[in-house]
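Here is the structure we will look at, set down as structure tokens.
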Amino acid sequence: MKDKLDEIKKNNIKFIVVTGGVISGLGKGIASASIGKLFSNEYKVVPIKCDGYLNIDPGTMNPIEHGEVFVLDDGGEVDMDFGHYERFLNISAKIKWNLTMGKVYKGILDKERKGDFLGKTVQLIPHVTNHIKDWFYDIALEEKANIVIIEVGGTVGDMENELYIEATRQLKNDLGRENVFYVHLTYIPIPNGVNEPKSKPTQQSVKLLNERGIWPDMIIGRCQEYIPEQLKEKIANFCNVSKESIVTGVDVDSVYKIPIEFKEQNVDDTINAKFKLTHNADLEKWKHLVESLSYNMNGQKKVITIAICGKYTRLEDSYASVVEALMHSSAHLDCKVNIKWVETTKIETLDDAKKALAGIDGIIVPGGFGSRGVEGKVKIIHCARENDIPFLGICYGLQLAVIEFARNVCGLTDANSTEIDKDTTNPVVDILPEQITITEKGGTMRLGAYEANIKKGTKIFELYESEKVSERHRHRYEVNPEFHKILSDKGLVFSGLSPNGKLVEFIELPEKTYFVGTQAHPELKSSLTKPAPMFYGLVLSAVTKKFGKNN
Ligand code: GLN
């Protein structure tokens with residue numbers, strides 16, 4: 001470890017630790033990504049997320065539990081905060097950057113069996129905390145980072161993140177107090193009837209952090225309004241921070257405004273001063289796009305409604321990147337995108353689908369698993385195709401669009417996926433050959449970035465403007481190659497195939513205004529500066545269909 005510490009000090013690598021207090025869901029991920037954004041124009045910023053749960057990764061969890069499972073280029077299934085990191089920092093994150101207590105304990109137990117601790121009692125401190133710190137230091141060095149941002153999941157006082165907090169406390173002893181900056185995100189409520197912001201929960205949360213040996217350098221108070229000067233003085237006094245280091249994490253209508261808010265409240269200058277950096281954040285381009293998005297959300301007259309039709313709609317975070325990709329497209333087009341959530345478990349007939357889609361300008365059927373809600377999705381797709389409503393099918397959405405086409409156009413009335421019906425006589429969607437012998441569930445799908453060859457002259461080619469496209473994947477099933485011919489004979493165009501020509505990556509129906517699907521998850525690579533082409537195409541088609549070409 002000593003060599004690594006020397007190397008880190010020699011390379012002048014700085015660490016920013018972000019913890020949270022009072023309640024969860026305050027936006028630690030957005031705060032971490034926004035702080036990183038301020039430095040990312042000049043420095044290599046590497047985000048690390050520490051999750052307290054014992055799953056190895058979120059890949060085996062229902063999105064209702066923990067939000068969307070974000071997939072990286074390298075196939076990592078990671079916390080949805082990586083979506084924010086990638087979208088804000090313009091990076092391709094790595095699986096190693098997401099620690100979970102599952103991964104940490106697995107690592108420790110593997111080491112113990114190997115004999116790495118021979119003769120010793122293996123303890124939470126120092127063995128587990130050293131393991132965690134080693135992980136941080138390895139990433140810092142491997143990535144040649146300038147600034148590492150460590151976000152500790154959960155809130156201070158939770159049992160499951162204690163070891164991460166202890167490890168981050170030790171960072172300052174390892175690296176020197178001047179090289180570590182601690183940020184604590186808390187909540188400043190304005191209770192009904194009291195009608196003024198209250199600082200007590202923040203004071204108590206900082207005390208909990210102090211008990212663990214961490215004195216924050218900055219407090220970000222999430223609040224409906226800007227924290228008044230007087231209250232800042234009070235917090236400064238009770239929490240041992242300078243008044244200038246108290247920042248309002250003010251409620252905003254778009255998370256993309258947070259880096260701008262932070263810049264206006266001199267977050268970068270405060271960090272610069274501590275780290276002795278002379279850095280200047282450059283948010284010009286970002287600001288321009290945020291303004292255009294903001295105008296579209298608030299003042300725009302042209303409004304379209306896109307239906308997101310799935311079974312996890314109870315928790316909107318389940319489809320976080322899909323929603324973001326729509327927002328990114330809106331920022332580049334002259335229209336506001338409203339979202340209507342359609343719960344497909346409630347749709348039984350074509351009539352139900354028609355009713356649910358009344359007034360809808362575009363449809364997304366996103367990724368999913370299992371049979372619940374599937375027939376509802378097929379009905380939605382049927383309705384989209386027959387009524388020429390712009391449609392985008394993502395992963396399961398593509399597979400179900402193929403099933404709908406097989407049933408209602410090719411006349412294969414019992415066409416299905418073997419994921420849903422093992423005994424169907426027309427398995428138009430079937431398990432990938434390499435998946436047949438796999439029995440373990442964790443991390444075994446076809447995961448991460450895969451390339452596709454795009455057919456010239458197709459809508460997909462027009463959107464991507466390229467014959468080679470790489471998108472991220474997460475699936476076990478595919479369009480069955482035995483049915484390619486019958487489907488294409490009836491007019492379904494395979495606009496993109498895997499390099500070996502076997503796996504259908506993109507489909508379209510050319511006679512429709514916009515009817516496309518992909519086996520991949522293009523929403524995962526969408527950003528405010530570069531919206532995912534298939535989402536851009538959907539929004540553009542919907543707005544053009546509704547308001548005419550030169551809208
Ligand atoms: N359940 C389907 C499969 O495993 C689709 C997965 C998804 O939509 N991510 O192939």
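Following the order of the structure tokens, first chain is A, next is B, and so on, with residues numbered from 1 inside each chain and ligands from 1 in the order they appear.
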
Item to check | Surroundings of ligand 1 up to 10 Å, based on only C-alpha atoms and all ligand atoms, as a count of residues only | outcome: 38

Checklist entry - Within 9 Å of Glu160 in chain A, counting only C-alpha atoms, which residues qualify if same-chain residues fewer than 4 places away don't, as a ChimeraX atom specification? => result /A:51-53,101,154,164

Same residues, C-alpha atoms, saved as an mmCIF file, in the first residue's frame:
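Printed below is out_8.cif as written:
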```cif
data_model
loop_
_atom_site.group_PDB
_atom_site.id
_atom_site.type_symbol
_atom_site.label_atom_id
_atom_site.label_comp_id
_atom_site.auth_asym_id
_atom_site.auth_seq_id
_atom_site.Cartn_x
_atom_site.Cartn_y
_atom_site.Cartn_z
ATOM 1 C CA ASP A 51 -23.167 0.555 -2.405
ATOM 2 C CA GLY A 52 -23.922 -1.093 0.914
ATOM 3 C CA TYR A 53 -25.965 -4.084 -0.214
ATOM 4 C CA MET A 101 -20.471 -4.869 -0.019
ATOM 5 C CA GLY A 154 -27.045 5.526 1.806
ATOM 6 C CA TYR A 164 -17.048 2.748 3.497
#
```

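Of the residues under consideration (A:Val402, A:Leu175, A:Met327, A:Ala307), A:Ala307 shows the shortest atom-to-atom contact distance to Ile360 in chain A when counting only C-alpha atoms.
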
Next on the checklist: Could you pull out the strand (DSSP E or B) residues of range 393-501 of chain A, going by DSSP on the backbone, and write them as number ranges by chain?
Outcome noted: A: 393-394, 416-417, 427-431, 446-454, 468-475, 477-479, 493-497

Next on the checklist: Can you pull out the residues contacting range 534-550 of chain A? Cut-off 6 Å, using only C-alpha atoms, and skip same-chain residues under 4 positions away; I want them as a ChimeraX atom specification.
Outcome noted: /A:329,361-362

Writer output for current selection, N, CA and C atoms, as a CSV table (one decimal), in the first residue's frame:
```csv
chain,number,residue,atom,x,y,z
A,329,SER,N,-33.3,14.6,-26.5
A,329,SER,CA,-33.8,14.9,-27.8
A,329,SER,C,-34.6,16.2,-27.8
A,361,ASP,N,-48.5,10.7,-29.1
A,361,ASP,CA,-47.9,11.0,-30.4
A,361,ASP,C,-46.7,10.1,-30.7
A,362,GLY,N,-46.3,9.3,-29.7
A,362,GLY,CA,-45.2,8.4,-29.9
A,362,GLY,C,-45.2,7.4,-28.8
```

Next on the checklist: For Tyr450 in chain A, find every residue with an atom within 7 Å (counting only C-alpha atoms), except residues of its own chain fewer than 2 positions away, and show them as a list of chain:residue names.
Outcome noted: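 Final neighbour list, sorted by chain and number: A:Gly448, A:Ala452, A:Ser470, A:Glu471, A:Arg472.
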
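CA of Leu492 in chain A sits 10.1 Å away from CA of Cys410 in chain A.
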
Item to check | Residue with smallest distance to Asp73 in chain A - pool A:Pro533, A:Pro433, A:Gly59, A:Pro522, counting only C-alpha atoms | outcome: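 Distance minimum relative to Asp73 in chain A lands on A:Pro522.
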
Item to check | alpha helix (DSSP H) residues, from DSSP on the backbone, in range 148-310 of chain A, as JSON, numbers by chain | outcome: {"A": [162, 163, 164, 165, 166, 167, 168, 169, 170, 171, 172, 173, 174, 175, 200, 201, 202, 203, 204, 205, 206, 207, 208, 209, 210, 211, 229, 230, 231, 232, 233, 234, 235, 236, 237, 238, 239, 258, 259, 260, 261, 262, 263, 264, 267, 268, 269, 270, 271, 272, 273, 274, 275, 284, 285, 286, 287, 288, 289, 290, 291, 292, 293, 294, 295, 296, 297, 298]}
